[in-house]
Amino acid sequence: MKSKEAYEIIDAGWAKKPNGYRIRFQRQVDDAIVTDYFPDPDDGPWKSEVAIWRMAWRLAESKQSDPPDINAGDLINITVVDLEDNPVKYYATNQFEVFNQIDIKA
């Protein structure tokens, strides 16, 4: 087997890290619940998974009410996503995490 063949096999089966990360969250704007992102999709994504999770935690901890309340203007349902909007597992627990989780009824 040549090196090129070996690397093709490895590359095909290797778990790939996302190219960037964003925080997805919800909040109330006027009478609607909107989903928003940090950083803004027009800005570049963060490259560090640890840094973006730390920022998500800080946003969650800055809530105005206890417990978080959609009507108080709190950011809710805060999680980290990749550039395709897929949830990313929290690096500390290897589990999907949602900070300030509130079930929004449609």
# chains A, B, ... in the order shown; residues from 1 in each chain; ligands from 1
$ residues_around --residues "region 21-35 of chain A" --least-positions-apart "2" --cutoff "9 Å" --atoms "only C-alpha atoms" --output "VMD selection string"
chain A and resid 18 to 19 37 to 41 45 to 49 52 to 53 55 to 56 70 to 83 85 87 to 88 104
$ closest_residue --among "A:Val50, A:Ala12, A:Met1, A:Ala6" --to "Thr93 (chain A)" --atoms "only C-alpha atoms"
A:Val50
$ atom_distance --atom1 "CA of Gly44 (chain A)" --atom2 "CA of Gly20 (chain A)"
8.4 Å
$ select_by_dssp --residues "chain A" --states "strand (DSSP E)" --output "ChimeraX atom specification"
/A:21-29,32-38,76-82
$ write_last_selection --atoms "N, CA, C and O atoms" --output "CSV table (one decimal), in the first residue's frame"
chain,number,residue,atom,x,y,z
A,21,TYR,N,-17.5,27.4,14.8
A,21,TYR,CA,-18.6,27.3,15.8
A,21,TYR,C,-19.4,28.6,16.0
A,21,TYR,O,-18.8,29.6,15.9
A,22,ARG,N,-20.7,28.4,16.3
A,22,ARG,CA,-21.5,29.6,16.7
A,22,ARG,C,-22.3,29.2,17.9
A,22,ARG,O,-22.6,28.0,18.1
A,23,ILE,N,-22.8,30.2,18.6
A,23,ILE,CA,-23.8,29.9,19.7
A,23,ILE,C,-25.2,30.2,19.1
A,23,ILE,O,-25.4,31.3,18.5
A,24,ARG,N,-26.1,29.3,19.3
A,24,ARG,CA,-27.5,29.5,18.9
A,24,ARG,C,-28.3,29.6,20.2
A,24,ARG,O,-28.1,28.9,21.1
A,25,PHE,N,-29.2,30.7,20.1
A,25,PHE,CA,-30.0,30.9,21.3
A,25,PHE,C,-31.3,31.5,20.9
A,25,PHE,O,-31.5,31.8,19.7
A,26,GLN,N,-32.2,31.6,21.8
A,26,GLN,CA,-33.6,32.2,21.5
A,26,GLN,C,-33.8,33.3,22.5
A,26,GLN,O,-33.2,33.3,23.6
A,27,ARG,N,-34.6,34.2,22.1
A,27,ARG,CA,-35.1,35.3,23.0
A,27,ARG,C,-36.4,35.9,22.5
A,27,ARG,O,-36.7,35.6,21.3
A,28,GLN,N,-37.1,36.7,23.3
A,28,GLN,CA,-38.3,37.3,22.9
A,28,GLN,C,-38.0,38.6,22.3
A,28,GLN,O,-37.3,39.5,22.9
A,29,VAL,N,-38.6,38.9,21.1
A,29,VAL,CA,-38.5,40.2,20.4
A,29,VAL,C,-39.9,40.5,20.1
A,29,VAL,O,-40.5,39.9,19.3
A,32,ALA,N,-42.7,37.8,19.5
A,32,ALA,CA,-42.3,36.6,18.9
A,32,ALA,C,-41.0,36.1,19.6
A,32,ALA,O,-40.2,36.8,20.1
A,33,ILE,N,-40.8,34.8,19.5
A,33,ILE,CA,-39.6,34.1,20.0
A,33,ILE,C,-38.7,33.9,18.7
A,33,ILE,O,-39.2,33.3,17.7
A,34,VAL,N,-37.6,34.5,18.8
A,34,VAL,CA,-36.7,34.5,17.6
A,34,VAL,C,-35.4,33.7,18.0
A,34,VAL,O,-35.0,33.6,19.1
A,35,THR,N,-34.9,33.0,17.0
A,35,THR,CA,-33.6,32.3,17.1
A,35,THR,C,-32.5,33.2,16.6
A,35,THR,O,-32.7,33.8,15.5
A,36,ASP,N,-31.4,33.3,17.3
A,36,ASP,CA,-30.3,34.2,16.9
A,36,ASP,C,-29.0,33.5,17.1
A,36,ASP,O,-29.0,32.4,17.7
A,37,TYR,N,-27.9,34.1,16.6
A,37,TYR,CA,-26.6,33.4,16.7
A,37,TYR,C,-25.6,34.4,17.1
A,37,TYR,O,-25.7,35.6,16.9
A,38,PHE,N,-24.6,33.9,17.8
A,38,PHE,CA,-23.4,34.7,18.1
A,38,PHE,C,-22.2,33.8,17.7
A,38,PHE,O,-22.1,32.6,18.1
A,76,ILE,N,-32.4,32.1,26.1
A,76,ILE,CA,-32.7,30.8,26.5
A,76,ILE,C,-32.3,29.8,25.4
A,76,ILE,O,-32.0,30.2,24.3
A,77,ASN,N,-32.3,28.5,25.8
A,77,ASN,CA,-32.0,27.5,24.8
A,77,ASN,C,-30.7,27.7,24.1
A,77,ASN,O,-30.6,27.6,22.9
A,78,ILE,N,-29.7,28.0,24.9
A,78,ILE,CA,-28.3,28.4,24.4
A,78,ILE,C,-27.5,27.1,24.2
A,78,ILE,O,-27.4,26.3,25.1
A,79,THR,N,-27.0,26.9,23.0
A,79,THR,CA,-26.2,25.8,22.7
A,79,THR,C,-25.2,26.2,21.6
A,79,THR,O,-25.3,27.2,21.0
A,80,VAL,N,-24.2,25.3,21.4
A,80,VAL,CA,-23.1,25.5,20.4
A,80,VAL,C,-23.5,24.7,19.2
A,80,VAL,O,-23.8,23.5,19.4
A,81,VAL,N,-23.4,25.3,18.0
A,81,VAL,CA,-23.6,24.5,16.8
A,81,VAL,C,-22.4,24.7,15.8
A,81,VAL,O,-21.7,25.7,16.0
A,82,ASP,N,-22.4,23.8,14.9
A,82,ASP,CA,-21.3,23.9,13.9
A,82,ASP,C,-21.9,24.8,12.8
A,82,ASP,O,-23.0,25.4,12.9
$ select_by_dssp --residues "region 14-65 of chain A" --states "helix (DSSP H, G or I)" --output "PyMOL selection string"
chain A and resi 49-61
$ write_last_selection --atoms "C-alpha atoms" --output "tab-separated table (two decimals), in the first residue's frame"
chain	number	residue	atom	x	y	z
A	49	GLU	CA	-14.68	24.77	20.59
A	50	VAL	CA	-13.62	25.42	24.19
A	51	ALA	CA	-13.75	29.21	23.82
A	52	ILE	CA	-17.22	29.22	22.24
A	53	TRP	CA	-18.59	26.90	24.95
A	54	ARG	CA	-17.14	29.19	27.62
A	55	MET	CA	-18.86	32.15	25.94
A	56	ALA	CA	-22.16	30.20	25.81
A	57	TRP	CA	-21.86	29.48	29.53
A	58	ARG	CA	-21.17	33.16	30.26
A	59	LEU	CA	-24.22	34.22	28.25
A	60	ALA	CA	-26.32	31.70	30.17
A	61	GLU	CA	-25.00	32.89	33.52
$ atom_distance --atom1 "CA of Glu84 (chain A)" --atom2 "CA of Phe96 (chain A)"
16.0 Å
$ closest_residue --among "A:Asp11, A:Lys2, A:Lys16, A:Ile102" --to "Pro67 (chain A)" --atoms "only C-alpha atoms"
A:Ile102
$ atom_distance --atom1 "CA of Glu8 (chain A)" --atom2 "CA of Asn94 (chain A)"
27.4 Å
$ decode --residues "region 19-34 of chain A" --atoms "all heavy atoms" --output "short mmCIF file (atom, residue, chain, number, x, y, z; two decimals), in the first residue's frame"
data_model
loop_
_atom_site.label_atom_id
_atom_site.label_comp_id
_atom_site.auth_asym_id
_atom_site.auth_seq_id
_atom_site.Cartn_x
_atom_site.Cartn_y
_atom_site.Cartn_z
N ASN A 19 -15.40 23.17 11.06
CA ASN A 19 -14.53 24.27 10.66
C ASN A 19 -14.75 25.54 11.47
O ASN A 19 -14.01 26.50 11.33
CB ASN A 19 -14.71 24.58 9.17
CG ASN A 19 -14.16 23.48 8.30
OD1 ASN A 19 -13.20 22.81 8.67
ND2 ASN A 19 -14.77 23.28 7.15
N GLY A 20 -15.78 25.56 12.26
CA GLY A 20 -16.07 26.73 13.07
C GLY A 20 -17.32 26.50 13.89
O GLY A 20 -18.06 25.54 13.67
N TYR A 21 -17.54 27.42 14.84
CA TYR A 21 -18.64 27.26 15.79
C TYR A 21 -19.39 28.57 15.99
O TYR A 21 -18.82 29.65 15.86
CB TYR A 21 -18.10 26.80 17.15
CG TYR A 21 -17.27 25.56 17.08
CD1 TYR A 21 -15.89 25.62 16.93
CD2 TYR A 21 -17.87 24.31 17.16
CE1 TYR A 21 -15.13 24.47 16.86
CE2 TYR A 21 -17.11 23.15 17.10
CZ TYR A 21 -15.74 23.24 16.95
OH TYR A 21 -14.99 22.11 16.88
N ARG A 22 -20.67 28.44 16.32
CA ARG A 22 -21.50 29.58 16.70
C ARG A 22 -22.34 29.16 17.90
O ARG A 22 -22.57 27.99 18.14
CB ARG A 22 -22.45 29.97 15.57
CG ARG A 22 -21.76 30.47 14.33
CD ARG A 22 -22.74 31.11 13.37
NE ARG A 22 -22.15 31.34 12.08
CZ ARG A 22 -21.20 32.23 11.83
NH1 ARG A 22 -20.75 32.99 12.77
NH2 ARG A 22 -20.70 32.38 10.61
N ILE A 23 -22.83 30.16 18.61
CA ILE A 23 -23.79 29.92 19.68
C ILE A 23 -25.18 30.20 19.11
O ILE A 23 -25.40 31.26 18.51
CB ILE A 23 -23.53 30.85 20.88
CG1 ILE A 23 -22.13 30.58 21.45
CG2 ILE A 23 -24.60 30.68 21.94
CD1 ILE A 23 -21.68 31.62 22.46
N ARG A 24 -26.09 29.25 19.29
CA ARG A 24 -27.49 29.45 18.88
C ARG A 24 -28.29 29.65 20.15
O ARG A 24 -28.13 28.91 21.13
CB ARG A 24 -28.00 28.24 18.10
CG ARG A 24 -29.44 28.41 17.63
CD ARG A 24 -29.90 27.21 16.82
NE ARG A 24 -29.90 26.02 17.67
CZ ARG A 24 -29.80 24.78 17.19
NH1 ARG A 24 -29.66 24.56 15.90
NH2 ARG A 24 -29.82 23.75 18.03
N PHE A 25 -29.17 30.65 20.15
CA PHE A 25 -29.99 30.92 21.32
C PHE A 25 -31.32 31.50 20.88
O PHE A 25 -31.51 31.84 19.71
CB PHE A 25 -29.27 31.90 22.27
CG PHE A 25 -28.93 33.22 21.65
CD1 PHE A 25 -29.81 34.29 21.73
CD2 PHE A 25 -27.72 33.39 20.98
CE1 PHE A 25 -29.49 35.51 21.14
CE2 PHE A 25 -27.40 34.61 20.39
CZ PHE A 25 -28.29 35.67 20.48
N GLN A 26 -32.24 31.60 21.82
CA GLN A 26 -33.55 32.20 21.54
C GLN A 26 -33.80 33.31 22.54
O GLN A 26 -33.24 33.32 23.64
CB GLN A 26 -34.66 31.15 21.64
CG GLN A 26 -34.56 30.11 20.56
CD GLN A 26 -35.66 29.07 20.69
OE1 GLN A 26 -35.84 28.49 21.75
NE2 GLN A 26 -36.37 28.85 19.60
N ARG A 27 -34.64 34.24 22.14
CA ARG A 27 -35.08 35.33 23.01
C ARG A 27 -36.38 35.89 22.45
O ARG A 27 -36.74 35.65 21.31
CB ARG A 27 -34.02 36.41 23.12
CG ARG A 27 -33.70 37.08 21.82
CD ARG A 27 -32.61 38.09 21.99
NE ARG A 27 -32.07 38.45 20.69
CZ ARG A 27 -31.16 39.34 20.52
NH1 ARG A 27 -30.66 39.99 21.55
NH2 ARG A 27 -30.70 39.62 19.32
N GLN A 28 -37.06 36.65 23.29
CA GLN A 28 -38.31 37.27 22.86
C GLN A 28 -38.01 38.63 22.26
O GLN A 28 -37.30 39.45 22.85
CB GLN A 28 -39.27 37.42 24.03
CG GLN A 28 -40.62 37.95 23.59
CD GLN A 28 -41.68 37.81 24.66
OE1 GLN A 28 -41.49 37.10 25.64
NE2 GLN A 28 -42.79 38.48 24.47
N VAL A 29 -38.55 38.87 21.07
CA VAL A 29 -38.46 40.16 20.41
C VAL A 29 -39.89 40.55 20.05
O VAL A 29 -40.55 39.85 19.27
CB VAL A 29 -37.58 40.12 19.14
CG1 VAL A 29 -37.60 41.45 18.42
CG2 VAL A 29 -36.16 39.70 19.50
N ASP A 30 -40.36 41.65 20.64
CA ASP A 30 -41.76 42.04 20.53
C ASP A 30 -42.62 40.89 21.03
O ASP A 30 -42.46 40.45 22.16
CB ASP A 30 -42.12 42.49 19.11
CG ASP A 30 -41.30 43.72 18.69
OD1 ASP A 30 -41.06 44.59 19.54
OD2 ASP A 30 -40.89 43.78 17.51
N ASP A 31 -43.49 40.34 20.20
CA ASP A 31 -44.36 39.24 20.63
C ASP A 31 -43.91 37.89 20.08
O ASP A 31 -44.64 36.91 20.18
CB ASP A 31 -45.80 39.51 20.19
CG ASP A 31 -46.43 40.66 20.95
OD1 ASP A 31 -46.02 40.88 22.11
OD2 ASP A 31 -47.31 41.34 20.39
N ALA A 32 -42.73 37.84 19.50
CA ALA A 32 -42.26 36.61 18.87
C ALA A 32 -41.01 36.06 19.57
O ALA A 32 -40.22 36.82 20.13
CB ALA A 32 -41.96 36.86 17.40
N ILE A 33 -40.85 34.76 19.51
CA ILE A 33 -39.63 34.10 19.96
C ILE A 33 -38.74 33.95 18.73
O ILE A 33 -39.15 33.34 17.74
CB ILE A 33 -39.91 32.71 20.57
CG1 ILE A 33 -40.95 32.80 21.68
CG2 ILE A 33 -38.62 32.06 21.03
CD1 ILE A 33 -40.54 33.65 22.85
N VAL A 34 -37.56 34.52 18.78
CA VAL A 34 -36.65 34.45 17.63
C VAL A 34 -35.41 33.66 18.00
O VAL A 34 -34.97 33.64 19.15
CB VAL A 34 -36.26 35.86 17.12
CG1 VAL A 34 -37.47 36.62 16.64
CG2 VAL A 34 -35.53 36.64 18.18
#
